[in-house]
Amino acid sequence: MSSEKNYPKTGQRIPNGMLQDNYPRNMWWVAALSAEVTTKPIARWILETPVVLYRLENGNTAAMYDRCPHRWAPLSEGHVVGERIVCPYHGMQFDPAGTCVKAPTQEMTPKTAKIPAFETREAGAFVWIWMGDKEAIDCEPPDVGYQVDPQWTFMSGYYDVAVNWVLVRENVLDLTHIPFLHASTFKQNDWVTAPDTYMDGETICYEQEFDLAPLSPLFCAGMGLPEDKPIKRKQIGRMPTLAVSFSDWNVHDPAPEKGHRSDFVMRGCHIVTPSQRGRTHYYWGAAFDVPDLPADVVEKTRKSVIEAFDEDKHLLEKMQAQISNDPRGLDYLEVTLGADGGGIKVRQVLNKKLAQEGRSLT
Amino acid sequence: MSSEKNYPKTGQRIPNGMLQDNYPRNMWWVAALSAEVTTKPIARWILETPVVLYRLENGNTAAMYDRCPHRWAPLSEGHVVGERIVCPYHGMQFDPAGTCVKAPTQEMTPKTAKIPAFETREAGAFVWIWMGDKEAIDCEPPDVGYQVDPQWTFMSGYYDVAVNWVLVRENVLDLTHIPFLHASTFKQNDWVTAPDTYMDGETICYEQEFDLAPLSPLFCAGMGLPEDKPIKRKQIGRMPTLAVSFSDWNVHDPAPEKGHRSDFVMRGCHIVTPSQRGRTHYYWGAAFDVPDLPADVVEKTRKSVIEAFDEDKHLLEKMQAQISNDPRGLDYLEVTLGADGGGIKVRQVLNKKLAQEGRSLT
Amino acid sequence: MSSEKNYPKTGQRIPNGMLQDNYPRNMWWVAALSAEVTTKPIARWILETPVVLYRLENGNTAAMYDRCPHRWAPLSEGHVVGERIVCPYHGMQFDPAGTCVKAPTQEMTPKTAKIPAFETREAGAFVWIWMGDKEAIDCEPPDVGYQVDPQWTFMSGYYDVAVNWVLVRENVLDLTHIPFLHASTFKQNDWVTAPDTYMDGETICYEQEFDLAPLSPLFCAGMGLPEDKPIKRKQIGRMPTLAVSFSDWNVHDPAPEKGHRSDFVMRGCHIVTPSQRGRTHYYWGAAFDVPDLPADVVEKTRKSVIEAFDEDKHLLEKMQAQISNDPRGLDYLEVTLGADGGGIKVRQVLNKKLAQEGRSLT
């Protein structure tokens, strides 16, 4: 059939398509929510590596390869004593650097028993991890301090999505899908044209202003606005690293109720971490520049965001499954539209990062 | 072990065994029941290709590759407007020829955005599809007009079977399995010897006459016969194309009740379409040359046919799974019996078709 | 990351790691419990081969490749008549040597229709099978007569474990995992140091004596001992073949109740049979040298053993899954401890067996 010829390709390709390893290692990725990392160890696949995460009794976080070097039992099935993690199988103990400090079935502690350990940081609501060369660490995680700033109300959610991480990245950088995929949830149906996109240093940015129109009902409660009230919006997006992007909804109410504020920000954030092949950890955050929103407003907002993002998860997983199951795989036409400015820049930034690591993935 | 040697092979092999792609492309396959194709698009794997099927508002049917050429979203998740299908992700619209006729996020409609579309026909109770070269279309789907002829009562059913399509083809062309596999359902236990098989042009045929014996209870109700009444049967089978075969049960009642008919036909049909690797769409039909059989007779017949065909599905899937999971795969003795005349002819017809397409599969 | 270099390896490796075929063929493996093999045939994967097992009407057992040589239907879906197994599909009949003795759809019985048959033996509570060359049979299955000796009370259980069989073998030959993995079930927390291990001919042995301490509650009921009574233990292990090992708990009560015995044996046995890739049939047995233990004692003991062995199954399956899913697979440091004497000898015995079969697996 005609699909068996090679299709012409336009524009910048996703490195390795969406079926293979295509992530940089030398950067900060999110490993977990801070609240997930406790003295009870957890297992997590990060960049196709089994990682155990735990919190030392002194409050620091530790991360290492989730395999005991003795008989390869997952340490995440063990427990933490002080700063040490104890293997569930034969009780070997390791410090946060991965060094064996006790082998209880014998007197001698084997010096060769050393587990690869990973650098971690806490920033905002998250624990971040550096899976590449430690010597290459040249920055700290992006600034997400607003997530824990009491002047903001921050809420978040998590999806384990069965898609390559780039599909999520492109999804959140081209919001012209909102009036189509989310027509009945977001209801922000004026977002039908593409924003301006540009680079600010290494940060991908987009900007777009909208005329008077009702705000998406997802965010009305957080700003105390009636759902049908026309407001002005300036949408500003930023992707400082491949791991995280922000979507600011700057809202101006030209006719505020007496004594009410006229300007609000809802800062969305989209955090992705490659996990196993074809799977991605996806954390979303939504923050209002309003302190201490009541629990019922938070709950209502969370629920409505999840309802909308379920639509993305459903469609993206269908896309990935279709492509994975199609024997033709990536051999299919791909046409780029004007609205793909953000997504194309993602591919360019990614290619540059991979080249820096000496990996040019086709 | 001894199975690790190469086994001697006898007779004509199934091309590519039952584990690989082994279907012709240049022929009409059944895509769906006509009733399944509506203005709500459906996704279907056909010849290992993701296909979207929908009905235009004017009643015609359309089929195309189920991937938008923009970001590869499945169009089957979208909706139909007039003759167009609308992508669920960013709202791009395509006509039934697969041509993009609108990209709502921009003014210009991208000319390169063209989806492979497939020819469809409606014949009998089914929508048929040609997945190969359109230029090679040299025939119409087989004549199955009786399925919608008011002089007949037609009923059908569907199985998604986890087997290569040839296993189903061979199953329905060697009915000497009826007294063994279906001893307690069909109860047509006189069918223990092989029929004559021959070619009529490109049609595989078999014929066999049976002496007085009770008819299988599956078909008594449809003919208004008591289950223990001895009748004469002439069994005639035809496979005009690899996609469909017919099994006519010509029944002669030598002592009809007063005023009753003495001759009846039950025309079985077996339609197979390769779907994903190792999976097959299997539609069966059963038609009596009796108009307007009452609903309870139809329901009773359907139920009893399904009970019998469940036995085939169970056994064939066990066969396929065993062979797929056995590391020796196809390296096993295969002995041909006299009753395999129909099945062997299937393999010969298939090889000829594949050779015509320039594919000789080993 | 650093794990992408090759890790240094210490000691004897598991042939083919735990991800590939790594079992000898020329030896007796357990096919089933005797009680499982009846005139109703059963299907079982043994050494990655589909096997059908059945009992002849004369009481003997038969085993053959579970594929009819006609159209490859699994014979295990058929039934037994006398000494013959009947194919479910077209009724072909085979004797226990795998020879076709009837093809009911034709007069001539095809001489080439011969199924590979396997030698079987019954010993103890089990049916044993020889999957390799019959000419290489040079021994009988290991002596497990105590399992059916009325002076003993024998109980057993079965797990289908998703791990390579060597992981189970090593697990049961290094019991220093008891105080860690089974701290809250076995509660035999004095077993923290390694036993002496040595070879007695081809049998791997270990021996270890323990000072006064309470016996594991798993075995107290079987010996009629209170759970907190200090006793002396001599632990003796033997692995006569890769298929089976024994673990004798020799218990001496220095202060028996008046009229009570002071010495008991609990003989554990661990039987493994490779099934499909990465899967193992694991039968455990526990026998007390006490006749006719009451049903409630047997049931209590069984339950508590299962609770402990569930912990092994859980951890071993996590190990296997982690290693299978990690793209680095076997490329990871493996450090050997003093307690690995038994496990290392398993690897040595296995390598020797494989070399005898002309297979040196890396």
# chains A, B, ... in the order shown; residues from 1 in each chain; ligands from 1
>>> interface_residues(of="chain A", to="chain C", cutoff="8 Å", atoms="only C-alpha atoms", output="JSON, numbers by chain")
{"A": [25, 48, 49, 50, 69, 70, 71, 72, 73, 74, 77, 88, 89, 90, 91, 104, 105, 106, 110, 112, 113, 116, 131, 132, 133]}
>>> write_last_selection(atoms="N, CA and C atoms", output="PDB file, in the first residue's frame")
ATOM      1  N   ARG A  25      20.451  13.230  29.735  1.00  0.00           N
ATOM      2  CA  ARG A  25      20.721  12.755  31.095  1.00  0.00           C
ATOM      3  C   ARG A  25      21.272  13.872  31.988  1.00  0.00           C
ATOM      4  N   GLU A  48      14.563   5.310  32.490  1.00  0.00           N
ATOM      5  CA  GLU A  48      14.721   3.863  32.278  1.00  0.00           C
ATOM      6  C   GLU A  48      15.668   3.212  33.280  1.00  0.00           C
ATOM      7  N   THR A  49      15.796   3.806  34.431  1.00  0.00           N
ATOM      8  CA  THR A  49      16.657   3.270  35.487  1.00  0.00           C
ATOM      9  C   THR A  49      15.805   3.043  36.738  1.00  0.00           C
ATOM     10  N   PRO A  50      15.956   1.884  37.380  1.00  0.00           N
ATOM     11  CA  PRO A  50      15.232   1.685  38.641  1.00  0.00           C
ATOM     12  C   PRO A  50      15.938   2.451  39.762  1.00  0.00           C
ATOM     13  N   PRO A  69      24.005  -4.677  45.278  1.00  0.00           N
ATOM     14  CA  PRO A  69      25.081  -5.258  44.468  1.00  0.00           C
ATOM     15  C   PRO A  69      25.410  -6.699  44.866  1.00  0.00           C
ATOM     16  N   HIS A  70      24.718  -7.240  45.858  1.00  0.00           N
ATOM     17  CA  HIS A  70      24.966  -8.629  46.243  1.00  0.00           C
ATOM     18  C   HIS A  70      24.177  -9.561  45.325  1.00  0.00           C
ATOM     19  N   ARG A  71      22.875  -9.637  45.497  1.00  0.00           N
ATOM     20  CA  ARG A  71      22.079 -10.514  44.639  1.00  0.00           C
ATOM     21  C   ARG A  71      20.957  -9.765  43.929  1.00  0.00           C
ATOM     22  N   TRP A  72      21.130  -8.435  43.809  1.00  0.00           N
ATOM     23  CA  TRP A  72      20.283  -7.597  42.970  1.00  0.00           C
ATOM     24  C   TRP A  72      18.845  -7.458  43.466  1.00  0.00           C
ATOM     25  N   ALA A  73      18.658  -7.626  44.762  1.00  0.00           N
ATOM     26  CA  ALA A  73      17.325  -7.368  45.317  1.00  0.00           C
ATOM     27  C   ALA A  73      17.049  -5.871  45.270  1.00  0.00           C
ATOM     28  N   PRO A  74      15.801  -5.478  45.037  1.00  0.00           N
ATOM     29  CA  PRO A  74      15.466  -4.040  45.053  1.00  0.00           C
ATOM     30  C   PRO A  74      15.512  -3.500  46.482  1.00  0.00           C
ATOM     31  N   GLU A  77      12.438  -2.367  48.597  1.00  0.00           N
ATOM     32  CA  GLU A  77      11.652  -3.285  49.421  1.00  0.00           C
ATOM     33  C   GLU A  77      12.191  -3.354  50.862  1.00  0.00           C
ATOM     34  N   PRO A  88      16.383  -5.776  51.816  1.00  0.00           N
ATOM     35  CA  PRO A  88      15.382  -6.667  52.396  1.00  0.00           C
ATOM     36  C   PRO A  88      15.824  -8.130  52.428  1.00  0.00           C
ATOM     37  N   TYR A  89      16.836  -8.473  51.600  1.00  0.00           N
ATOM     38  CA  TYR A  89      17.115  -9.897  51.387  1.00  0.00           C
ATOM     39  C   TYR A  89      18.069 -10.450  52.454  1.00  0.00           C
ATOM     40  N   HIS A  90      19.256  -9.826  52.588  1.00  0.00           N
ATOM     41  CA  HIS A  90      20.233 -10.331  53.549  1.00  0.00           C
ATOM     42  C   HIS A  90      20.743  -9.234  54.477  1.00  0.00           C
ATOM     43  N   GLY A  91      20.010  -8.120  54.516  1.00  0.00           N
ATOM     44  CA  GLY A  91      20.300  -7.112  55.533  1.00  0.00           C
ATOM     45  C   GLY A  91      21.509  -6.223  55.301  1.00  0.00           C
ATOM     46  N   PRO A 104      25.722  -8.005  57.490  1.00  0.00           N
ATOM     47  CA  PRO A 104      25.540  -8.616  58.807  1.00  0.00           C
ATOM     48  C   PRO A 104      25.840 -10.111  58.868  1.00  0.00           C
ATOM     49  N   THR A 105      25.888 -10.785  57.718  1.00  0.00           N
ATOM     50  CA  THR A 105      26.159 -12.222  57.772  1.00  0.00           C
ATOM     51  C   THR A 105      27.649 -12.527  57.834  1.00  0.00           C
ATOM     52  N   GLN A 106      28.473 -11.475  57.871  1.00  0.00           N
ATOM     53  CA  GLN A 106      29.920 -11.722  57.970  1.00  0.00           C
ATOM     54  C   GLN A 106      30.569 -10.543  58.658  1.00  0.00           C
ATOM     55  N   PRO A 110      32.302  -5.782  52.510  1.00  0.00           N
ATOM     56  CA  PRO A 110      32.948  -5.840  51.196  1.00  0.00           C
ATOM     57  C   PRO A 110      33.102  -4.438  50.593  1.00  0.00           C
ATOM     58  N   THR A 112      33.986  -3.572  47.662  1.00  0.00           N
ATOM     59  CA  THR A 112      33.552  -3.391  46.274  1.00  0.00           C
ATOM     60  C   THR A 112      32.046  -3.161  46.152  1.00  0.00           C
ATOM     61  N   ALA A 113      31.324  -3.397  47.233  1.00  0.00           N
ATOM     62  CA  ALA A 113      29.865  -3.324  47.154  1.00  0.00           C
ATOM     63  C   ALA A 113      29.407  -1.872  47.163  1.00  0.00           C
ATOM     64  N   PRO A 116      25.603   2.835  42.553  1.00  0.00           N
ATOM     65  CA  PRO A 116      25.561   4.182  41.973  1.00  0.00           C
ATOM     66  C   PRO A 116      24.512   5.042  42.698  1.00  0.00           C
ATOM     67  N   MET A 131      20.587  12.436  36.831  1.00  0.00           N
ATOM     68  CA  MET A 131      20.911  11.037  36.529  1.00  0.00           C
ATOM     69  C   MET A 131      22.183  10.896  35.705  1.00  0.00           C
ATOM     70  N   GLY A 132      22.709  12.003  35.178  1.00  0.00           N
ATOM     71  CA  GLY A 132      23.884  11.929  34.308  1.00  0.00           C
ATOM     72  C   GLY A 132      25.186  12.022  35.098  1.00  0.00           C
ATOM     73  N   ASP A 133      26.211  12.549  34.451  1.00  0.00           N
ATOM     74  CA  ASP A 133      27.513  12.686  35.116  1.00  0.00           C
ATOM     75  C   ASP A 133      27.436  13.750  36.191  1.00  0.00           C
TER      76      ASP A 133
END
>>> residues_around(residues="Phe126 in chain C", least_positions_apart="4", cutoff="7 Å", atoms="only C-alpha atoms", output="list in words")
Val30, Ala32, Leu33, Ser34 and Glu122 of chain C
>>> select_by_dssp(residues="range 104-339 of chain B", states="strand (DSSP E)", output="number ranges by chain")
B: 117-123, 126-130, 153-161, 196-200, 203-214, 230-241, 244-252, 263-274, 280-288
>>> closest_residue(among="C:Cys100, C:Pro150, C:Leu218, C:Gln93", to="Val297 in chain C", atoms="only C-alpha atoms")
C:Leu218
>>> residues_around(residues="Ala97 in chain C", least_positions_apart="5", cutoff="12 Å", atoms="only C-alpha atoms", output="tab-separated table (two decimals) with C-alpha atoms, in the first residue's frame")
chain	number	residue	atom	x	y	z
C	56	LEU	CA	-3.21	-44.50	31.31
C	61	THR	CA	1.93	-42.09	33.35
C	62	ALA	CA	2.63	-40.73	29.87
C	63	ALA	CA	4.09	-37.45	28.65
C	64	MET	CA	4.49	-36.11	25.15
C	65	TYR	CA	4.89	-32.92	23.16
C	83	GLU	CA	-3.79	-45.99	26.88
C	84	ARG	CA	-4.43	-43.57	24.04
C	85	ILE	CA	-4.81	-39.82	23.92
C	113	ALA	CA	2.51	-38.89	12.43
C	114	LYS	CA	4.78	-39.40	15.42
C	115	ILE	CA	4.85	-37.18	18.48
C	116	PRO	CA	8.00	-36.81	20.61
C	117	ALA	CA	7.27	-38.70	23.83
C	118	PHE	CA	9.16	-38.31	27.10
C	119	GLU	CA	10.19	-40.83	29.73
C	120	THR	CA	8.41	-40.48	33.05
>>> atom_distance(atom1="CA of Tyr158 in chain B", atom2="CA of His281 in chain B")
7.3 Å
>>> atom_distance(atom1="CA of Ile306 in chain A", atom2="CA of Val161 in chain A")
13.5 Å
>>> closest_residue(among="C:Tyr23, C:Phe309, C:Phe288, C:Tyr7", to="Lys353 in chain C", atoms="only C-alpha atoms")
C:Tyr23
>>> residues_around(residues="Lys229 in chain B", least_positions_apart="2", cutoff="6 Å", atoms="only C-alpha atoms", output="list in words")
Pro214, Pro226 and Glu227 of chain B
>>> write_last_selection(atoms="C-alpha atoms", output="JSON list (two decimals), in the first residue's frame")
[["chain", "number", "residue", "atom", "x", "y", "z"],
["B", 214, "PRO", "CA", -31.11, -36.36, 11.88],
["B", 226, "PRO", "CA", -38.10, -31.92, 14.62],
["B", 227, "GLU", "CA", -34.61, -32.63, 15.97]]
>>> residues_around(residues="Lys40 in chain B", least_positions_apart="5", cutoff="7 Å", atoms="only C-alpha atoms", output="PyMOL selection string")
chain B and resi 54+79-80
>>> atom_distance(atom1="CA of Val346 in chain B", atom2="CA of Gly268 in chain B")
18.0 Å
>>> select_by_dssp(residues="range 96-174 of chain A", states="alpha helix (DSSP H)", output="list of chain:residue names")
A:Trp165, A:Val166, A:Leu167, A:Val168, A:Arg169, A:Glu170, A:Asn171, A:Val172, A:Leu173
>>> write_last_selection(atoms="N, CA and C atoms", output="PDB file, in the first residue's frame")
ATOM      1  N   TRP A 165       7.700  11.148  26.617  1.00  0.00           N
ATOM      2  CA  TRP A 165       7.595  12.437  27.288  1.00  0.00           C
ATOM      3  C   TRP A 165       7.449  13.615  26.326  1.00  0.00           C
ATOM      4  N   VAL A 166       7.991  13.506  25.105  1.00  0.00           N
ATOM      5  CA  VAL A 166       7.932  14.647  24.182  1.00  0.00           C
ATOM      6  C   VAL A 166       6.489  14.937  23.769  1.00  0.00           C
ATOM      7  N   LEU A 167       5.666  13.887  23.704  1.00  0.00           N
ATOM      8  CA  LEU A 167       4.258  14.136  23.346  1.00  0.00           C
ATOM      9  C   LEU A 167       3.577  15.031  24.371  1.00  0.00           C
ATOM     10  N   VAL A 168       3.925  14.851  25.640  1.00  0.00           N
ATOM     11  CA  VAL A 168       3.340  15.715  26.675  1.00  0.00           C
ATOM     12  C   VAL A 168       3.902  17.129  26.537  1.00  0.00           C
ATOM     13  N   ARG A 169       5.204  17.207  26.323  1.00  0.00           N
ATOM     14  CA  ARG A 169       5.831  18.531  26.156  1.00  0.00           C
ATOM     15  C   ARG A 169       5.172  19.330  25.040  1.00  0.00           C
ATOM     16  N   GLU A 170       4.968  18.676  23.903  1.00  0.00           N
ATOM     17  CA  GLU A 170       4.378  19.392  22.770  1.00  0.00           C
ATOM     18  C   GLU A 170       2.926  19.745  23.052  1.00  0.00           C
ATOM     19  N   ASN A 171       2.260  18.873  23.746  1.00  0.00           N
ATOM     20  CA  ASN A 171       0.864  19.122  24.086  1.00  0.00           C
ATOM     21  C   ASN A 171       0.713  20.403  24.894  1.00  0.00           C
ATOM     22  N   VAL A 172       1.577  20.596  25.862  1.00  0.00           N
ATOM     23  CA  VAL A 172       1.402  21.743  26.754  1.00  0.00           C
ATOM     24  C   VAL A 172       2.004  23.029  26.175  1.00  0.00           C
ATOM     25  N   LEU A 173       2.730  22.895  25.059  1.00  0.00           N
ATOM     26  CA  LEU A 173       3.276  24.099  24.433  1.00  0.00           C
ATOM     27  C   LEU A 173       2.489  24.518  23.197  1.00  0.00           C
TER      28      LEU A 173
END
